[in-house]
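S.K.: What follows is final21.txt, compact mmCIF, C-alpha atoms.
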# COMPACT_ATOMS: atom_id res chain seq x y z
CA MET K 1 -104.84 201.35 41.81
CA THR K 2 -103.80 204.87 40.97
CA GLN K 3 -106.23 207.71 40.56
CA LYS K 4 -105.77 211.22 39.38
CA VAL K 5 -108.01 213.90 40.83
CA ILE K 6 -108.64 216.82 38.55
CA THR K 7 -109.99 219.95 40.17
CA ARG K 8 -111.72 222.43 37.93
CA GLU K 9 -113.14 225.78 38.96
CA GLU K 10 -116.04 227.21 37.06
CA ASN K 11 -116.70 230.92 37.23
CA VAL K 12 -120.33 231.88 36.68
CA TYR K 13 -121.33 235.54 36.34
CA GLU K 14 -124.99 236.38 36.69
CA ASN K 15 -126.90 239.58 37.14
CA GLU K 16 -129.18 239.52 40.14
CA GLY K 17 -131.08 242.69 40.41
CA GLY K 18 -128.52 244.51 38.32
CA LEU K 19 -125.58 243.54 40.56
CA PRO K 20 -122.83 241.32 39.28
CA HIS K 21 -122.66 238.03 41.10
CA ARG K 22 -119.77 235.61 41.07
CA GLU K 23 -120.25 231.96 41.92
CA VAL K 24 -117.38 229.53 42.07
CA ARG K 25 -118.12 225.81 41.79
CA VAL K 26 -115.37 223.31 42.46
CA VAL K 27 -115.79 220.16 40.45
CA GLN K 28 -113.66 217.11 41.15
CA GLU K 29 -113.33 214.43 38.53
CA LYS K 30 -111.66 211.17 39.37
CA VAL K 31 -109.88 209.59 36.46
CA SER K 32 -108.81 206.00 36.99
CA THR K 33 -105.54 204.98 35.38
CA ARG K 34 -105.72 201.40 36.60
CA ARG K 35 -105.05 198.76 34.01
CA SER K 36 -107.37 195.81 33.72
CA SER K 37 -106.09 192.36 34.57
CA SER K 38 -106.05 191.39 30.88
CA GLN K 39 -103.96 194.45 30.03
CA GLN K 40 -101.56 193.55 32.83
CA ALA K 41 -101.32 189.97 31.55
CA VAL K 42 -100.56 191.20 28.03
CA MET K 43 -97.90 193.57 29.39
CA LYS K 44 -96.29 190.80 31.45
CA ALA K 45 -96.32 188.41 28.48
CA SER K 46 -94.73 191.08 26.27
CA GLN K 47 -92.06 191.76 28.87
CA PHE K 48 -91.38 188.03 29.18
CA PHE K 49 -90.87 187.63 25.43
CA TRP K 50 -88.57 190.66 25.29
CA LEU K 51 -86.56 189.24 28.19
CA ILE K 52 -86.16 185.88 26.42
CA LEU K 53 -85.12 187.68 23.23
CA GLY K 54 -82.56 189.76 25.13
CA MET K 55 -81.03 186.68 26.69
CA LEU K 56 -80.92 184.88 23.33
CA GLU K 57 -79.37 187.88 21.59
CA ALA K 58 -76.75 188.17 24.35
CA LEU K 59 -75.91 184.48 24.00
CA LEU K 60 -75.58 184.69 20.22
CA GLY K 61 -73.61 187.94 20.49
CA MET K 62 -71.23 186.26 22.92
CA ARG K 63 -70.77 183.41 20.44
CA VAL K 64 -69.93 185.86 17.63
CA PHE K 65 -67.46 187.64 19.91
CA LEU K 66 -65.76 184.41 21.00
CA LYS K 67 -65.43 183.28 17.38
CA ILE K 68 -63.98 186.62 16.28
CA ILE K 69 -61.34 186.66 19.02
CA ALA K 70 -60.52 183.01 18.29
CA ALA K 71 -61.30 181.86 21.83
CA ASN K 72 -60.14 178.38 22.76
CA PRO K 73 -63.13 176.13 21.97
CA GLN K 74 -61.95 173.64 24.63
CA SER K 75 -62.34 176.13 27.49
CA GLY K 76 -65.34 175.60 29.73
CA PHE K 77 -67.02 178.92 29.04
CA ALA K 78 -66.63 178.67 25.26
CA ARG K 79 -67.97 175.09 25.29
CA LEU K 80 -70.97 176.24 27.33
CA VAL K 81 -71.74 179.16 24.99
CA TYR K 82 -71.25 177.05 21.85
CA GLY K 83 -73.26 174.13 23.21
CA ILE K 84 -76.29 176.22 24.18
CA SER K 85 -76.21 178.43 21.10
CA ASP K 86 -75.87 175.49 18.69
CA VAL K 87 -79.49 174.56 19.43
CA PHE K 88 -80.73 177.96 18.28
CA LEU K 89 -78.47 178.00 15.23
CA LEU K 90 -79.45 174.61 13.78
CA PRO K 91 -81.78 176.12 11.13
CA PHE K 92 -79.02 178.52 10.07
CA PHE K 93 -75.98 176.21 9.79
CA GLY K 94 -74.60 176.11 6.27
CA LEU K 95 -76.59 179.16 5.19
CA THR K 96 -73.51 181.16 4.20
CA GLN K 97 -69.77 180.81 4.05
CA THR K 98 -67.89 181.62 7.23
CA PRO K 99 -64.86 183.79 6.46
CA SER K 100 -61.85 183.19 8.67
CA ALA K 101 -58.34 184.56 9.08
CA ASN K 102 -55.66 183.60 11.60
CA GLY K 103 -58.12 181.58 13.67
CA SER K 104 -60.75 184.33 13.83
CA VAL K 105 -64.09 183.34 12.35
CA LEU K 106 -66.95 185.61 11.36
CA GLU K 107 -70.14 183.56 11.59
CA ILE K 108 -72.45 185.45 9.27
CA SER K 109 -75.14 182.82 9.80
CA THR K 110 -75.19 183.71 13.51
CA LEU K 111 -75.66 187.40 12.69
CA ILE K 112 -78.51 186.48 10.35
CA ALA K 113 -80.03 184.33 13.12
CA MET K 114 -79.91 187.30 15.49
CA VAL K 115 -81.87 189.44 13.03
CA VAL K 116 -84.38 186.67 12.29
CA TYR K 117 -85.00 185.98 16.00
CA ALA K 118 -85.49 189.70 16.68
CA ILE K 119 -88.08 189.93 13.90
CA LEU K 120 -89.76 186.71 15.08
CA PHE K 121 -90.05 187.90 18.68
CA ALA K 122 -91.33 191.32 17.61
CA PHE K 123 -94.02 189.54 15.59
CA ILE K 124 -94.92 187.33 18.57
CA VAL K 125 -95.25 190.35 20.87
CA TYR K 126 -97.40 192.08 18.24
CA ILE K 127 -99.72 189.06 18.07
CA VAL K 128 -99.93 188.82 21.87
CA ARG K 129 -100.90 192.49 22.10
CA LEU K 130 -103.37 192.14 19.24
CA ILE K 131 -105.10 189.19 20.90
CA GLY K 132 -104.96 190.84 24.33
CA GLU K 133 -106.77 193.97 23.14
CA ARG K 134 -109.87 191.99 22.22
Would you mind writing the file's structure down as structure tokens?
M.R.:
Amino acid sequence: MTQKVITREENVYENEGGLPHREVRVVQEKVSTRRSSSQQAVMKASQFFWLILGMLEALLGMRVFLKIIAANPQSGFARLVYGISDVFLLPFFGLTQTPSANGSVLEISTLIAMVVYAILFAFIVYIVRLIGER
């Protein structure tokens, strides 16, 4: 729990018997900046979804890169990346043509999937925060 202490001095001038009088009062206000447990849960859930999105985007980006440089699809790393990413690309296969030249392939459907997943996760985080604020 973090607290901020704000100190405020108040100067009061009064006339007592014709003489000026100065009184200084020190007022301390404690402002709590602690988040409630529901706010913390919403923040953790949001962070979790952004982490998952980041990992998915990195995986799909690696797939695009490997296809562009015409990586050997029989190598262990390429098979791993293609095998895992295929699951996330199933709804997008056949969406567009895939231009290729000299073994390099530009998977436009994978780029579209990256944009769609980013929008989807942003929407999910928005809904989580909306529900969490209630």
S.K.: Rank nothing, just name the residue among K:Ser85, K:Gln47, K:Gln40, K:Asn72 nearest to Ala113 (chain K), using only C-alpha atoms.
M.R.: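 Looking at the shortest contact to Ala113 (chain K), the residue is K:Ser85.
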S.K.: Go through K:Gly94, K:Val105, K:Arg79, K:Glu133 one by one, measure the shortest atom-to-atom distance of each to Ser36 (chain K) using only C-alpha atoms, and give the residue with the smallest value.
M.R.: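 The closest residue to Ser36 (chain K) is K:Glu133.
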S.K.: Using all atoms listed in the file, pick whichever of K:Ser46, K:Glu57, K:Ala41, K:Thr96 has the shortest atom-to-atom distance to Val115 (chain K).
M.R.: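 Of K:Ser46, K:Glu57, K:Ala41, K:Thr96, the one nearest Val115 (chain K), counting all atoms listed in the file, is K:Glu57.
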S.K.: Could you please determine the separation between CA of Gln74 (chain K) and CA of Asp86 (chain K) in Å, to one decimal place?
M.R.: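 Straight-line distance from CA of Gln74 (chain K) to CA of Asp86 (chain K) works out to 15.2 Å.
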S.K.: One decimal, in Å: what's the spacing between CA of Val81 (chain K) and CA of Leu59 (chain K)?
M.R.: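 Calculated distance between CA of Val81 (chain K) and CA of Leu59 (chain K) is 6.8 Å.
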S.K.: Of the residues K:Ile84, K:Ala58, K:Leu51, K:Val64, which is the one nearest to Leu111 (chain K), using all atoms listed in the file?
M.R.: K:Val64
S.K.: Which is closer to Phe123 (chain K) than all the others in K:Val87, K:Leu53, K:Leu60, K:Ile68, using all atoms listed in the file?
M.R.: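 Going through K:Val87, K:Leu53, K:Leu60, K:Ile68 one by one, the smallest distance to Phe123 (chain K) is for K:Leu53.
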S.K.: Using CA of Lys44 (chain K) and CA of Ile124 (chain K) as the two end points, give the distance in Å to one decimal.
M.R.: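 That distance, rounded to one decimal, is 13.4 Å.
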S.K.: Find the residues near Thr98 (chain K): any atom within 8 Å, counting all atoms listed in the file, skip ones fewer than 2 places away on the same chain, and give them as number ranges by chain.
M.R.: K: 96, 100, 105-109
S.K.: Can you work out which one of K:Ile52, K:Ala122, K:Met114, K:Ala78 has the shortest atom-to-atom distance to Leu66 (chain K), counting only C-alpha atoms?
M.R.: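 Selected residue with least distance to Leu66 (chain K): K:Ala78.
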